[in-house]
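What follows is a single structure, written as structure tokens, with notes after it.
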Amino acid sequence: MVARLLVTKDSGELLFDTSKICYGLVKSGNLAFIENWARYYLKSAQLDPSNGENWAPESDPARGDPAYGFTVTNALSPIVFITGPGCLSGVSRSGSSMTFIYINADANTKFYCFDLMADNIPGSPYLKTRLEDGRISFNSLQPPLNVLAAVQAPAQGNPYPNNVEWRYTTYAGGYNVRRRGSTAPNNSPALDSRVDIQLGGEEYAAYLPWARSAQCLDVSGWPAYGYTVTVSEGCYGRQGGITFMFGTAGATTIGNTPAGPASPPDNAFRFIPQDRFPTALVIRTAGLPFPYQ
């Protein structure tokens, strides 16, 4: 039987348990711009919107939504915590490389990528432990992942009067943020819906293991009666806490929304799933090397 080493702080907080496989930091830094992702328009109002062939991308690539990300190599089961806005839009693979792609982010968004601890980190001295099957469970050369909180996304925001379908915000107690307006020379208009959750006075990073989608009515003046896009969910850390958000989905479809009694007079959201709520994992960024690798 392999011996077990369990290490805690004076407060009793667990640092690591060598009977379990630990995660360690493999890379950190700022997200980098990758490319613009076009939004898709229905070619004609008479066409069937359920047929993907009836949609076409925006003709000007510069008007798309900027995609940011980073690449990690030889990762086994990576998870990524971010500080600063962003919604994970996908992961692409090329050989031994994985690229994590975020929409609604920018070059100020920081990432901390953790993976199963490995025996390929240079340096010494070190403490390494293994499970009975030989897999490494702890390597002191890697900063360990230490999750301090798990926070569930709040319920949806208040409905518009006489219209329970549309909501002012995606989250109760939330607010909306105009990131890009209708008069911007580049990129399509973008509206986020966010809610801040206070945790303390430190800087945090957050990881959302899965996300929901919803619909946004953006009354931006382009066109005059607004348009609808799909929005996707994300969560990020910041100074003092974390923020859940819904922002424009990557390569979303976009459609005009005619004015009328059934439409709310201002920015609104609907189809926000309420039968499931993702839970964000939270870490402190203090003490983690940045940038790393």
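Chain lettering (A, B, ...) mirrors the order of the structure tokens, residue numbering begins at 1 for each chain separately, and ligand numbering begins at 1 in order of display.
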
Segment 51-99 of chain A: residues DSSP assigns to strand (DSSP E), reported as a PyMOL selection string: chain A and resi 55-57+65-73+79-83+87-94+97-99

Residues of segment 127-240 of chain A within 10 Å of segment 97-114 of chain A: nearest atom pair and distance (Å, one decimal) for each, counting only C-alpha atoms, sorted by chain and number, as a Markdown table?
```
| residue | atom | partner | partner_atom | distance |
| --- | --- | --- | --- | --- |
| A:Gln142 | CA | A:Phe114 | CA | 9.4 |
| A:Pro143 | CA | A:Phe114 | CA | 9.0 |
| A:Pro144 | CA | A:Phe114 | CA | 8.3 |
| A:Leu145 | CA | A:Phe114 | CA | 6.9 |
| A:Arg179 | CA | A:Asn104 | CA | 8.6 |
| A:Ala190 | CA | A:Asn104 | CA | 8.5 |
| A:Leu191 | CA | A:Asn104 | CA | 9.4 |
| A:Asp192 | CA | A:Asn104 | CA | 8.3 |
| A:Ala205 | CA | A:Tyr112 | CA | 7.8 |
| A:Ala206 | CA | A:Tyr112 | CA | 9.3 |
| A:Tyr207 | CA | A:Tyr112 | CA | 9.5 |
| A:Ser232 | CA | A:Ile103 | CA | 9.2 |
| A:Gly234 | CA | A:Asn104 | CA | 9.2 |
| A:Tyr236 | CA | A:Thr109 | CA | 9.0 |
| A:Gly237 | CA | A:Lys110 | CA | 9.4 |
| A:Arg238 | CA | A:Thr109 | CA | 9.8 |
```

Which one is closest to Ala45 of chain A: A:Ser96, A:Gly255, A:Leu208, A:Ser263? Count only C-alpha atoms. A:Gly255

Atom CA of Gly95 of chain A to atom CA of Asn30 of chain A, distance in Å rounded to a single decimal: 23.1 Å

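The space between atom CA of Leu141 of chain A and atom CA of Glu13 of chain A spans 20.6 Å.
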
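The shell of residues at most 10 Å from Gln274 of chain A, with only C-alpha atoms counted and near chain neighbours (fewer than 5 positions) removed, consists of Pro154, Ala155, Gln156 and Arg212 of chain A.
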
Dump C-alpha atoms for the selected residues as a tab-separated table (two decimals), in the first residue's frame?
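Final output, saved to again-v2.tsv:
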```tsv
chain	number	residue	atom	x	y	z
A	154	PRO	CA	-28.57	33.32	-9.48
A	155	ALA	CA	-32.14	33.07	-10.79
A	156	GLN	CA	-33.31	35.20	-13.71
A	212	ARG	CA	-26.52	28.01	-20.69
```
